[in-house]
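Written below as structure tokens is the structure these notes are about.
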Amino acid sequence: MNINPDLATKTRDAHERLNELYGIQAVRGYPDPMHELIGTILSHRTTHANEVIAYRTMRERFPTWEQVRDAPLRDLIDAIQTANYPEIKAPYIQNLLIHLFRETGAANIDFLGDLSTEAAMNWLTALPGIGFKTATILLLFTFHKPVLPVDTHVHRVTQRLGLIGPKVSAEKAHTLLLAYLPKDTLILFNFHKHFYWHGQRICTWYDPKCTDCVLQSMCDFYHAGRMTLLSSTPVRKKRALDS
Ligand code: SF4
């Protein structure tokens, strides 16, 4: 891939400014990969509090993964009902577990830690219901692989800054931004966290607080009069997972 040196420099400058604003965070470790794998499915378009309730209720009613896999679908839907779209997520979870037991003989993905980043990505994204975003979240947060989850906040802020083009998808953004940054887990973890927080708190979708923003002087969207149409426009009624 041809790397634009100006965009690489701008990406690193923006990252430095947010490092100063939010402070460098240690990479958090999540000790239970299966919890994170199923949790990421439950978390789609759901608050963290409701995701936690759904996961806890599911594990209380079905304490083993075999029981989750074999539960009557309506009972599993009921157990995870605090997560949005439980009628879609429950079959996703059961199909995933069926696949895992068939392929590995157990509901256990610890072996991903021993694979290369590319091999782990390929293995995860071949699972039913697991897309690019879920795979990068799992690999960065649980296995500390050098990948960069591009969620809606990271996507929007990097587009507004002009680090990626207005029509670049989140998956393509992952490749582009990775090319501009060192393949270092601590750096990528902080890039993700800081752009996520900035999108939540300052560069919000409907009313970005540009006058309070440390990135204003380098922001294409601001200098264009906040008129650019972005591909990160929210699609409120879309139901597919991992979007
Ligand atoms: S200047 Fe405005 S649009 Fe640009 S990154 Fe900051 S808040 Fe977002």
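Note on naming: chains are A, B, ... as they come in the structure tokens, residues start from 1 per chain, ligands start from 1 in the order shown.
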- request: Would you please give, as a list in words, all residues of range 175-236 of chain A that DSSP assigns to alpha helix (DSSP H) based on the backbone?
  value: Thr175, Leu176, Leu177, Leu178, Ala179, Tyr180, Thr185, Leu186, Ile187, Leu188, Phe189, Asn190, Phe191, His192, Lys193, His194, Phe195, Tyr196, Trp197, His198, Gly199, Gln200, Arg201, Asp220, Phe221, Tyr222 and His223 of chain A
task: Output the neighbourhood of ligand 1 as a ChimeraX atom specification, that is, all protein and nucleic acid residues with some atom at most 9 Å from the ligand, counting only C-alpha atoms and all ligand atoms.
output: /A:156-161,198-199,201-205,207-223,226
message: What's the separation between CA of Thr117 in chain A and CA of Lys145 in chain A, in Å to one decimal place?
response: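 CA of Lys145 in chain A lies at a distance of 6.1 Å from CA of Thr117 in chain A.
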- request: For Asn122 in chain A, list every protein, DNA or RNA residue within 10 Å, evaluated using only C-alpha atoms, and leave out those in the same chain fewer than 5 positions away; present the list as a list in words.
  value: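 Counting only the stated atoms, we get Ser116, Thr117, Leu127, Phe132 and Ala135 of chain A.
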Output file for the residues above (C-alpha atoms, as a PDB file, in the first residue's frame):
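Output file part-v9.pdb is given in full below:
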ATOM      1  CA  SER A 116      -0.212 -14.768  14.445  1.00  0.00           C
ATOM      2  CA  THR A 117      -2.439 -11.681  14.273  1.00  0.00           C
ATOM      3  CA  LEU A 127     -16.972 -17.805  12.568  1.00  0.00           C
ATOM      4  CA  PHE A 132     -14.232  -7.488  11.328  1.00  0.00           C
ATOM      5  CA  ALA A 135     -12.679  -9.684  15.752  1.00  0.00           C
TER       6      ALA A 135
END
query: Do you have the CA of Ala71 in chain A-CA of Leu124 in chain A distance handy?
result: 23.7 Å
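Remark: for Lys133 in chain A, the closest of the candidate residues A:Leu76, A:Ala173, A:Leu97, A:Ala83 is A:Ala173 (distances computed over only C-alpha atoms).
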Non-local contacts of Ala126 in chain A (12 Å; only C-alpha atoms; under 5 positions in same chain excluded) as a ChimeraX atom specification: /A:96,99-100,103,119-121,131-132,134-135
So that I have them on file, write out the residues from the current selection with N, CA and C atoms, as a PDB file, in the first residue's frame.
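Written out: part.pdb:
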ATOM      1  N   LEU A  96     -22.749 -19.976  16.706  1.00  0.00           N
ATOM      2  CA  LEU A  96     -21.323 -19.822  17.011  1.00  0.00           C
ATOM      3  C   LEU A  96     -20.838 -20.970  17.895  1.00  0.00           C
ATOM      4  N   HIS A  99     -20.594 -24.207  15.995  1.00  0.00           N
ATOM      5  CA  HIS A  99     -19.391 -24.175  15.160  1.00  0.00           C
ATOM      6  C   HIS A  99     -18.140 -24.444  16.002  1.00  0.00           C
ATOM      7  N   LEU A 100     -18.049 -23.788  17.168  1.00  0.00           N
ATOM      8  CA  LEU A 100     -16.865 -23.948  18.021  1.00  0.00           C
ATOM      9  C   LEU A 100     -16.715 -25.389  18.500  1.00  0.00           C
ATOM     10  N   GLU A 103     -15.633 -27.540  15.545  1.00  0.00           N
ATOM     11  CA  GLU A 103     -14.280 -27.303  15.024  1.00  0.00           C
ATOM     12  C   GLU A 103     -13.175 -27.609  16.034  1.00  0.00           C
ATOM     13  N   ALA A 119      -3.494 -14.812  11.297  1.00  0.00           N
ATOM     14  CA  ALA A 119      -4.164 -16.110  11.397  1.00  0.00           C
ATOM     15  C   ALA A 119      -5.340 -16.024  12.374  1.00  0.00           C
ATOM     16  N   ALA A 120      -5.157 -15.317  13.472  1.00  0.00           N
ATOM     17  CA  ALA A 120      -6.243 -15.174  14.445  1.00  0.00           C
ATOM     18  C   ALA A 120      -7.408 -14.392  13.842  1.00  0.00           C
ATOM     19  N   MET A 121      -7.099 -13.337  13.073  1.00  0.00           N
ATOM     20  CA  MET A 121      -8.166 -12.566  12.406  1.00  0.00           C
ATOM     21  C   MET A 121      -8.930 -13.456  11.434  1.00  0.00           C
ATOM     22  N   GLY A 131     -17.820 -10.479  12.691  1.00  0.00           N
ATOM     23  CA  GLY A 131     -17.291  -9.643  11.622  1.00  0.00           C
ATOM     24  C   GLY A 131     -15.972  -9.001  12.023  1.00  0.00           C
ATOM     25  N   PHE A 132     -15.544  -8.106  11.175  1.00  0.00           N
ATOM     26  CA  PHE A 132     -14.232  -7.488  11.328  1.00  0.00           C
ATOM     27  C   PHE A 132     -14.115  -6.704  12.634  1.00  0.00           C
ATOM     28  N   THR A 134     -15.864  -6.938  15.500  1.00  0.00           N
ATOM     29  CA  THR A 134     -15.853  -7.810  16.679  1.00  0.00           C
ATOM     30  C   THR A 134     -14.504  -8.499  16.820  1.00  0.00           C
ATOM     31  N   ALA A 135     -13.966  -8.968  15.707  1.00  0.00           N
ATOM     32  CA  ALA A 135     -12.679  -9.684  15.752  1.00  0.00           C
ATOM     33  C   ALA A 135     -11.562  -8.763  16.248  1.00  0.00           C
TER      34      ALA A 135
END
field: Asp184 in chain A environment, 7 Å, only C-alpha atoms, sequence neighbours closer than 3 positions dropped, as a PyMOL selection string
entry: chain A and resi 146+187-188
Close residues, range 18-21 of chain A itself excluded, 9 Å, only C-alpha atoms, min 3 positions apart in chain, as a PDB file with N, CA and C atoms, in the first residue's frame:
ATOM      1  N   ASP A  13       0.079  13.117  14.832  1.00  0.00           N
ATOM      2  CA  ASP A  13      -0.086  14.380  15.573  1.00  0.00           C
ATOM      3  C   ASP A  13      -1.410  14.392  16.335  1.00  0.00           C
ATOM      4  N   ALA A  14      -2.462  13.937  15.661  1.00  0.00           N
ATOM      5  CA  ALA A  14      -3.773  13.889  16.322  1.00  0.00           C
ATOM      6  C   ALA A  14      -3.719  12.939  17.512  1.00  0.00           C
ATOM      7  N   HIS A  15      -3.067  11.822  17.313  1.00  0.00           N
ATOM      8  CA  HIS A  15      -2.927  10.843  18.394  1.00  0.00           C
ATOM      9  C   HIS A  15      -2.180  11.453  19.579  1.00  0.00           C
ATOM     10  N   ILE A  24      -2.167   8.489  28.823  1.00  0.00           N
ATOM     11  CA  ILE A  24      -1.919   7.132  28.288  1.00  0.00           C
ATOM     12  C   ILE A  24      -2.507   6.097  29.251  1.00  0.00           C
ATOM     13  N   GLN A  25      -3.286   5.200  28.694  1.00  0.00           N
ATOM     14  CA  GLN A  25      -3.930   4.148  29.495  1.00  0.00           C
ATOM     15  C   GLN A  25      -3.148   2.841  29.339  1.00  0.00           C
ATOM     16  N   ASN A 190      -4.429   2.818  22.917  1.00  0.00           N
ATOM     17  CA  ASN A 190      -4.698   4.203  23.295  1.00  0.00           C
ATOM     18  C   ASN A 190      -5.334   4.990  22.155  1.00  0.00           C
ATOM     19  N   PHE A 191      -4.917   4.725  20.934  1.00  0.00           N
ATOM     20  CA  PHE A 191      -5.545   5.398  19.790  1.00  0.00           C
ATOM     21  C   PHE A 191      -7.040   5.082  19.780  1.00  0.00           C
ATOM     22  N   HIS A 194      -8.870   6.706  22.918  1.00  0.00           N
ATOM     23  CA  HIS A 194      -8.948   8.162  22.898  1.00  0.00           C
ATOM     24  C   HIS A 194      -9.879   8.679  21.805  1.00  0.00           C
ATOM     25  N   PHE A 195      -9.814   8.078  20.633  1.00  0.00           N
ATOM     26  CA  PHE A 195     -10.730   8.519  19.573  1.00  0.00           C
ATOM     27  C   PHE A 195     -12.169   8.118  19.918  1.00  0.00           C
ATOM     28  N   HIS A 198     -13.246  10.666  22.464  1.00  0.00           N
ATOM     29  CA  HIS A 198     -13.412  11.977  21.830  1.00  0.00           C
ATOM     30  C   HIS A 198     -14.722  12.014  21.027  1.00  0.00           C
ATOM     31  N   VAL A 214      -9.408  19.998  20.933  1.00  0.00           N
ATOM     32  CA  VAL A 214      -7.959  20.191  20.756  1.00  0.00           C
ATOM     33  C   VAL A 214      -7.502  19.848  19.336  1.00  0.00           C
ATOM     34  N   LEU A 215      -8.384  19.266  18.541  1.00  0.00           N
ATOM     35  CA  LEU A 215      -8.034  18.881  17.170  1.00  0.00           C
ATOM     36  C   LEU A 215      -8.513  19.904  16.141  1.00  0.00           C
TER      37      LEU A 215
END
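For the atom pair formed by CA of Tyr206 in chain A and CA of His153 in chain A, the distance is 12.3 Å, given to one decimal.
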With a distance cut-off of 10 Å and only C-alpha atoms, select the neighbouring residues of Asp32 in chain A, excluding the residue or stretch itself and same-chain residues fewer than 5 positions from it, and output the selection as a CSV table (one decimal) with C-alpha atoms, in the first residue's frame.
chain,number,residue,atom,x,y,z
A,37,LEU,CA,-16.6,-13.3,22.4
A,108,ASN,CA,-12.6,-22.4,24.2
A,109,ILE,CA,-10.6,-19.9,22.1
A,110,ASP,CA,-7.5,-19.5,24.3
A,142,THR,CA,-8.3,-9.9,25.1
message: I'd like to know which of A:Leu163, A:Leu140, A:Leu42, A:Val52 is closest to Pro86 in chain A, using only C-alpha atoms.
response: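 Nearest to Pro86 in chain A: A:Leu42.
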